[in-house]
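Coordinates as given in data07.txt (compact mmCIF, C-alpha atoms):
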# COMPACT_ATOMS: atom_id res chain seq x y z
CA ILE A 12 13.56 22.70 1.81
CA GLY A 13 15.05 19.80 -0.20
CA PRO A 14 11.72 18.07 -0.91
CA MET A 15 10.25 21.40 -2.06
CA ILE A 16 13.02 21.78 -4.65
CA VAL A 17 12.43 18.22 -5.87
CA GLN A 18 8.69 18.92 -6.03
CA ALA A 19 9.29 22.06 -8.12
CA ALA A 20 11.63 20.16 -10.44
CA ARG A 21 9.08 17.35 -10.79
CA ARG A 22 6.43 19.86 -11.91
CA ALA A 23 8.84 21.16 -14.57
CA THR A 24 10.05 17.87 -16.05
CA ARG A 25 9.33 14.20 -16.56
CA ILE A 26 13.01 13.21 -16.73
CA PRO A 27 14.19 11.04 -13.81
CA LEU A 28 15.16 13.02 -10.72
CA ASP A 29 18.30 11.63 -9.10
CA VAL A 30 18.46 12.93 -5.50
CA HIS A 31 21.64 12.60 -3.44
CA LEU A 32 20.99 12.95 0.29
CA MET A 33 24.17 14.20 1.91
CA ILE A 34 22.49 14.43 5.31
CA SER A 35 22.53 12.73 8.69
CA ASN A 36 19.77 10.21 9.35
CA PRO A 37 18.35 10.11 5.82
CA ASP A 38 15.79 7.49 6.89
CA GLN A 39 13.51 10.13 8.36
CA TYR A 40 13.28 11.92 4.98
CA ILE A 41 12.80 9.04 2.52
CA GLU A 42 9.02 9.36 2.32
CA PHE A 43 9.20 13.15 1.89
CA PHE A 44 11.46 12.82 -1.15
CA GLN A 45 9.35 10.02 -2.60
CA GLU A 46 6.21 12.14 -2.26
CA ALA A 47 8.04 15.10 -3.81
CA GLY A 48 8.79 13.05 -6.94
CA ALA A 49 12.32 11.64 -6.59
CA ASP A 50 13.01 8.68 -8.88
CA ILE A 51 16.42 7.75 -7.49
CA LEU A 52 17.44 8.31 -3.87
CA THR A 53 21.10 7.97 -2.88
CA VAL A 54 22.38 7.89 0.70
CA HIS A 55 25.78 7.62 2.37
CA PRO A 56 26.48 4.41 4.34
CA GLU A 57 28.00 6.49 7.15
CA ALA A 58 24.75 8.46 7.56
CA THR A 59 22.45 5.54 8.31
CA HIS A 60 22.62 2.86 10.98
CA HIS A 61 21.17 0.14 8.76
CA LEU A 62 22.09 0.63 5.11
CA HIS A 63 20.30 -2.55 4.02
CA ARG A 64 17.07 -1.40 5.67
CA THR A 65 17.38 2.09 4.20
CA LEU A 66 17.97 0.83 0.65
CA THR A 67 15.15 -1.68 0.99
CA ARG A 68 12.75 1.05 2.15
CA ILE A 69 13.70 3.29 -0.78
CA ARG A 70 12.89 0.47 -3.19
CA GLU A 71 9.64 -0.40 -1.37
CA LEU A 72 8.50 3.15 -2.06
CA GLY A 73 9.08 2.67 -5.79
CA MET A 74 12.35 4.58 -6.15
CA LYS A 75 15.72 3.29 -7.26
CA ALA A 76 18.20 3.05 -4.38
CA GLY A 77 21.75 4.30 -4.36
CA ALA A 78 24.74 4.43 -2.05
CA ALA A 79 27.38 7.17 -2.23
CA LEU A 80 30.93 6.48 -1.12
CA ASN A 81 33.12 9.36 0.05
CA PRO A 82 36.75 9.28 -1.11
CA SER A 83 37.88 7.63 2.14
CA THR A 84 35.03 5.08 2.28
CA GLY A 85 35.97 1.69 0.87
CA LEU A 86 33.92 -0.54 -1.38
CA GLU A 87 33.49 -2.95 1.53
CA ALA A 88 30.81 -0.57 2.81
CA ILE A 89 28.45 -1.81 0.07
CA ALA A 90 29.74 -5.37 -0.41
CA HIS A 91 26.76 -6.97 1.36
CA VAL A 92 24.01 -4.75 -0.06
CA LEU A 93 24.67 -5.14 -3.78
CA PRO A 94 21.27 -6.82 -4.36
CA GLN A 95 19.56 -3.71 -2.94
CA LEU A 96 21.55 -1.24 -5.08
CA ASP A 97 20.49 0.35 -8.34
CA VAL A 98 23.20 3.05 -8.24
CA LEU A 99 26.68 3.14 -6.75
CA MET A 100 28.02 6.69 -6.58
CA ILE A 101 31.73 7.27 -6.14
CA MET A 102 32.50 10.72 -4.76
CA THR A 103 35.66 11.99 -6.44
CA VAL A 104 35.85 15.04 -4.17
CA ASN A 105 35.17 15.37 -0.46
CA PRO A 106 31.52 16.40 -0.30
CA GLY A 107 30.46 19.76 1.00
CA PHE A 108 30.59 22.35 -1.76
CA GLY A 109 30.77 22.64 -5.54
CA GLY A 110 33.74 23.57 -7.69
CA GLN A 111 36.30 21.29 -6.04
CA SER A 112 39.10 19.68 -8.00
CA PHE A 113 38.80 16.05 -9.04
CA ILE A 114 40.91 13.70 -6.89
CA PRO A 115 42.88 11.64 -9.46
CA THR A 116 43.54 8.81 -6.99
CA MET A 117 39.83 7.99 -7.18
CA LEU A 118 40.23 6.52 -10.69
CA PRO A 119 41.41 3.13 -9.35
CA LYS A 120 38.44 3.15 -6.96
CA VAL A 121 36.08 3.72 -9.89
CA SER A 122 37.77 0.82 -11.74
CA SER A 123 37.43 -1.41 -8.67
CA ALA A 124 33.79 -0.44 -8.33
CA ARG A 125 33.17 -1.36 -11.99
CA LYS A 126 34.83 -4.74 -11.41
CA THR A 127 32.74 -5.34 -8.27
CA ILE A 128 29.52 -4.49 -10.12
CA ASP A 129 30.39 -6.61 -13.15
CA GLU A 130 31.33 -9.61 -10.99
CA SER A 131 28.13 -9.25 -8.93
CA GLY A 132 25.87 -9.80 -11.93
CA TYR A 133 23.52 -7.05 -10.71
CA ASP A 134 22.36 -4.19 -12.92
CA ILE A 135 23.91 -1.28 -11.01
CA LEU A 136 24.72 2.11 -12.49
CA LEU A 137 28.18 3.44 -11.62
CA GLU A 138 27.84 7.16 -11.00
CA VAL A 139 30.63 9.67 -10.32
CA ASP A 140 30.18 12.99 -8.54
CA GLY A 141 32.87 15.58 -8.05
CA GLY A 142 35.18 17.41 -10.40
CA VAL A 143 33.57 15.87 -13.48
CA SER A 144 34.49 17.89 -16.55
CA SER A 145 35.31 17.39 -20.22
CA ARG A 146 38.90 16.91 -19.04
CA THR A 147 38.15 14.18 -16.43
CA ALA A 148 35.21 12.42 -18.12
CA PRO A 149 37.29 10.38 -20.62
CA ASP A 150 39.35 8.79 -17.83
CA LEU A 151 36.19 8.14 -15.82
CA ILE A 152 34.56 6.45 -18.81
CA ARG A 153 37.65 4.28 -19.33
CA SER A 154 37.47 3.40 -15.62
CA GLY A 155 33.90 2.16 -16.05
CA ALA A 156 31.65 4.98 -14.88
CA ASN A 157 28.43 5.38 -16.85
CA VAL A 158 26.60 8.22 -15.03
CA PHE A 159 28.12 11.63 -14.30
CA VAL A 160 27.20 14.50 -12.01
CA ALA A 161 28.60 17.71 -13.46
CA GLY A 162 27.52 20.80 -11.56
CA SER A 163 30.25 23.41 -11.94
CA ALA A 164 31.36 22.04 -15.32
CA VAL A 165 27.92 22.91 -16.68
CA PHE A 166 26.51 25.74 -14.58
CA GLY A 167 29.86 27.50 -14.27
CA ASN A 168 30.42 27.51 -18.04
CA PRO A 169 27.50 29.01 -19.95
CA PRO A 170 26.14 28.60 -22.50
CA TYR A 171 24.93 25.38 -20.87
CA GLU A 172 24.25 23.61 -24.17
CA GLU A 173 27.91 23.95 -25.16
CA ALA A 174 29.12 22.79 -21.74
CA ILE A 175 26.90 19.70 -21.95
CA ARG A 176 27.99 19.01 -25.53
CA SER A 177 31.63 19.24 -24.44
CA LEU A 178 31.02 16.67 -21.70
CA ARG A 179 29.34 14.26 -24.09
Could you write out this structure as structure tokens?
Amino acid sequence: IGPMIVQAARRATRIPLDVHLMISNPDQYIEFFQEAGADILTVHPEATHHLHRTLTRIRELGMKAGAALNPSTGLEAIAHVLPQLDVLMIMTVNPGFGGQSFIPTMLPKVSSARKTIDESGYDILLEVDGGVSSRTAPDLIRSGANVFVAGSAVFGNPPYEEAIRSLR
């Protein structure tokens, strides 16, 4: 069902579609999401046997490649695939459902990720997903994040335009 949602979104917009695959064995779905219109495809290192191969395949298909790190997954999980990364996503909640509270101890991890990216010399976006709100965004910006996933902060607080304005 995931590729069908991406396909419907692609028909409705030309903005980049950033797809986060929180699934086991994402390799078997890469082509489906590419065909559906994903621009960025992010996977979890724990979900694939060969992260380098997975990221390389994503890029071969013309998408940007990302890796998402759960709160307990260290930066060493991506240390040797930085050349294959376009996006590094730091999960600031344990994935599974929306509306969770931001884990404040993830701020040093975001800062460390920013330092790793800057020292690598690669052009990698630092994305944060989980508990992002107008209250947490300033600290995340100061920690070096430059892309934010804000589900509940937007969709749980209509009107959406005001919620987005508050985040910005």
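Nearest residue to A:Arg64, choosing from A:Gln45, A:Ser154, A:Gln18, A:Gln95 and counting only C-alpha atoms: A:Gln95.
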message = I'd like the contact shell of A:Val139 - 7 Å cut-off, all atoms listed in the file, skipping same-chain residues fewer than 3 positions apart - returned as number ranges by chain.
response = A: 100-103, 156, 158-160
inquiry  = Which residue is closest to A:Phe43? Choose from A:Leu28, A:Leu137, A:Leu72, A:Leu66 and count all atoms listed in the file.
reply    =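 Among the listed residues, A:Leu72 lies closest to A:Phe43.
Among the candidate residues A:Asn36, A:Ser131, A:Thr67, A:Ser144, the one lying nearest to A:Arg176 is A:Ser144, with distances computed using all atoms listed in the file.
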ask   = Distance atom CA of A:Arg179-atom CA of A:Asp150, one decimal place?
value =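 Separating atom CA of A:Arg179 from atom CA of A:Asp150 is a distance of 13.0 Å.
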query = Which is closer to A:Met117 than all the others in A:Val98, A:Leu151, A:Ala76, A:Val30, using only C-alpha atoms?
reply =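 Between A:Val98, A:Leu151, A:Ala76, A:Val30, the residue approaching A:Met117 most closely is A:Leu151.
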task = Pick out the residues sitting within 8 Å of A:Thr59, and hand them over as a list in words; count all atoms listed in the file, and ignore anything fewer than 2 positions along from it in its own chain.
result = Ser35, Asn36, Pro37, Asp38, Val54, His55, Pro56, Glu57, His61, Leu62 and Thr65 of chain A
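Between atom CA of A:Gly167 and atom CA of A:Val104 lies a distance of 17.1 Å.
Residues in contact with A:Ser123 at up to 9 Å, not including ones fewer than 3 positions away on its chain and judged by all atoms listed in the file, are Leu86, Leu118, Pro119, Lys120, Lys126, Thr127, Ile128, Ser154 and Gly155 of chain A.
The spacing separating atom CA of A:Ile114 from atom CA of A:Thr53 amounts to 21.0 Å.
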Counting only C-alpha atoms, the option among A:Glu138, A:Ala148, A:Thr116, A:Gly48 closest to A:Pro82 =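 That would be A:Thr116, the residue with the smallest distance to A:Pro82.
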query = When distances are computed from all atoms listed in the file, which of A:Phe108, A:Arg68, A:Pro27, A:Val121 shows the smallest separation from A:Gly85?
reply = A:Val121
Will you model all heavy atoms for stretch 104-115 of chain A and pass it back as a PDB file, in the frame of the given file?
ATOM      1  N   VAL A 104      35.436  13.889  -4.988  1.00  0.00           N
ATOM      2  CA  VAL A 104      35.850  15.040  -4.170  1.00  0.00           C
ATOM      3  C   VAL A 104      35.290  14.759  -2.784  1.00  0.00           C
ATOM      4  O   VAL A 104      34.403  13.916  -2.620  1.00  0.00           O
ATOM      5  CB  VAL A 104      35.324  16.402  -4.683  1.00  0.00           C
ATOM      6  CG1 VAL A 104      35.810  16.694  -6.090  1.00  0.00           C
ATOM      7  CG2 VAL A 104      33.810  16.487  -4.607  1.00  0.00           C
ATOM      8  N   ASN A 105      35.776  15.467  -1.797  1.00  0.00           N
ATOM      9  CA  ASN A 105      35.170  15.370  -0.460  1.00  0.00           C
ATOM     10  C   ASN A 105      33.927  16.238  -0.474  1.00  0.00           C
ATOM     11  O   ASN A 105      33.997  17.427  -0.789  1.00  0.00           O
ATOM     12  CB  ASN A 105      36.163  15.819   0.601  1.00  0.00           C
ATOM     13  CG  ASN A 105      37.276  14.815   0.761  1.00  0.00           C
ATOM     14  OD1 ASN A 105      37.028  13.675   1.139  1.00  0.00           O
ATOM     15  ND2 ASN A 105      38.493  15.211   0.452  1.00  0.00           N
ATOM     16  N   PRO A 106      32.762  15.650  -0.166  1.00  0.00           N
ATOM     17  CA  PRO A 106      31.520  16.400  -0.300  1.00  0.00           C
ATOM     18  C   PRO A 106      31.461  17.618   0.616  1.00  0.00           C
ATOM     19  O   PRO A 106      32.106  17.665   1.648  1.00  0.00           O
ATOM     20  CB  PRO A 106      30.443  15.385   0.061  1.00  0.00           C
ATOM     21  CG  PRO A 106      31.127  14.292   0.768  1.00  0.00           C
ATOM     22  CD  PRO A 106      32.558  14.311   0.344  1.00  0.00           C
ATOM     23  N   GLY A 107      30.670  18.574   0.180  1.00  0.00           N
ATOM     24  CA  GLY A 107      30.460  19.760   1.000  1.00  0.00           C
ATOM     25  C   GLY A 107      30.169  21.008   0.196  1.00  0.00           C
ATOM     26  O   GLY A 107      29.353  21.814   0.589  1.00  0.00           O
ATOM     27  N   PHE A 108      30.838  21.165  -0.933  1.00  0.00           N
ATOM     28  CA  PHE A 108      30.590  22.350  -1.760  1.00  0.00           C
ATOM     29  C   PHE A 108      31.043  22.076  -3.184  1.00  0.00           C
ATOM     30  O   PHE A 108      31.873  21.203  -3.427  1.00  0.00           O
ATOM     31  CB  PHE A 108      31.311  23.585  -1.183  1.00  0.00           C
ATOM     32  CG  PHE A 108      32.800  23.435  -1.066  1.00  0.00           C
ATOM     33  CD1 PHE A 108      33.642  23.835  -2.092  1.00  0.00           C
ATOM     34  CD2 PHE A 108      33.374  22.897   0.082  1.00  0.00           C
ATOM     35  CE1 PHE A 108      35.017  23.691  -1.992  1.00  0.00           C
ATOM     36  CE2 PHE A 108      34.744  22.762   0.195  1.00  0.00           C
ATOM     37  CZ  PHE A 108      35.572  23.163  -0.839  1.00  0.00           C
ATOM     38  N   GLY A 109      30.472  22.820  -4.125  1.00  0.00           N
ATOM     39  CA  GLY A 109      30.770  22.640  -5.540  1.00  0.00           C
ATOM     40  C   GLY A 109      32.085  23.306  -5.942  1.00  0.00           C
ATOM     41  O   GLY A 109      32.646  24.119  -5.212  1.00  0.00           O
ATOM     42  N   GLY A 110      32.566  22.931  -7.112  1.00  0.00           N
ATOM     43  CA  GLY A 110      33.740  23.570  -7.690  1.00  0.00           C
ATOM     44  C   GLY A 110      35.067  23.001  -7.241  1.00  0.00           C
ATOM     45  O   GLY A 110      36.121  23.550  -7.570  1.00  0.00           O
ATOM     46  N   GLN A 111      35.046  21.888  -6.505  1.00  0.00           N
ATOM     47  CA  GLN A 111      36.300  21.290  -6.040  1.00  0.00           C
ATOM     48  C   GLN A 111      37.012  20.567  -7.180  1.00  0.00           C
ATOM     49  O   GLN A 111      36.388  20.146  -8.146  1.00  0.00           O
ATOM     50  CB  GLN A 111      36.030  20.298  -4.916  1.00  0.00           C
ATOM     51  CG  GLN A 111      35.463  20.926  -3.667  1.00  0.00           C
ATOM     52  CD  GLN A 111      35.266  19.887  -2.591  1.00  0.00           C
ATOM     53  OE1 GLN A 111      36.229  19.283  -2.129  1.00  0.00           O
ATOM     54  NE2 GLN A 111      34.019  19.673  -2.200  1.00  0.00           N
ATOM     55  N   SER A 112      38.301  20.395  -7.009  1.00  0.00           N
ATOM     56  CA  SER A 112      39.100  19.680  -8.000  1.00  0.00           C
ATOM     57  C   SER A 112      38.945  18.181  -7.841  1.00  0.00           C
ATOM     58  O   SER A 112      38.926  17.649  -6.726  1.00  0.00           O
ATOM     59  CB  SER A 112      40.582  20.046  -7.855  1.00  0.00           C
ATOM     60  OG  SER A 112      40.770  21.403  -8.134  1.00  0.00           O
ATOM     61  N   PHE A 113      38.856  17.511  -8.960  1.00  0.00           N
ATOM     62  CA  PHE A 113      38.800  16.050  -9.040  1.00  0.00           C
ATOM     63  C   PHE A 113      40.021  15.456  -8.344  1.00  0.00           C
ATOM     64  O   PHE A 113      41.144  15.941  -8.519  1.00  0.00           O
ATOM     65  CB  PHE A 113      38.764  15.670 -10.529  1.00  0.00           C
ATOM     66  CG  PHE A 113      38.801  14.210 -10.791  1.00  0.00           C
ATOM     67  CD1 PHE A 113      37.646  13.461 -10.702  1.00  0.00           C
ATOM     68  CD2 PHE A 113      39.977  13.581 -11.165  1.00  0.00           C
ATOM     69  CE1 PHE A 113      37.665  12.104 -10.974  1.00  0.00           C
ATOM     70  CE2 PHE A 113      40.007  12.232 -11.442  1.00  0.00           C
ATOM     71  CZ  PHE A 113      38.852  11.494 -11.339  1.00  0.00           C
ATOM     72  N   ILE A 114      39.810  14.397  -7.560  1.00  0.00           N
ATOM     73  CA  ILE A 114      40.910  13.700  -6.890  1.00  0.00           C
ATOM     74  C   ILE A 114      41.332  12.535  -7.797  1.00  0.00           C
ATOM     75  O   ILE A 114      40.626  11.520  -7.889  1.00  0.00           O
ATOM     76  CB  ILE A 114      40.484  13.183  -5.501  1.00  0.00           C
ATOM     77  CG1 ILE A 114      40.027  14.343  -4.617  1.00  0.00           C
ATOM     78  CG2 ILE A 114      41.629  12.411  -4.847  1.00  0.00           C
ATOM     79  CD1 ILE A 114      39.408  13.910  -3.284  1.00  0.00           C
ATOM     80  N   PRO A 115      42.469  12.662  -8.488  1.00  0.00           N
ATOM     81  CA  PRO A 115      42.880  11.640  -9.460  1.00  0.00           C
ATOM     82  C   PRO A 115      43.034  10.235  -8.872  1.00  0.00           C
ATOM     83  O   PRO A 115      42.839   9.243  -9.579  1.00  0.00           O
ATOM     84  CB  PRO A 115      44.218  12.147  -9.995  1.00  0.00           C
ATOM     85  CG  PRO A 115      44.262  13.589  -9.657  1.00  0.00           C
ATOM     86  CD  PRO A 115      43.406  13.773  -8.441  1.00  0.00           C
TER      87      PRO A 115
END
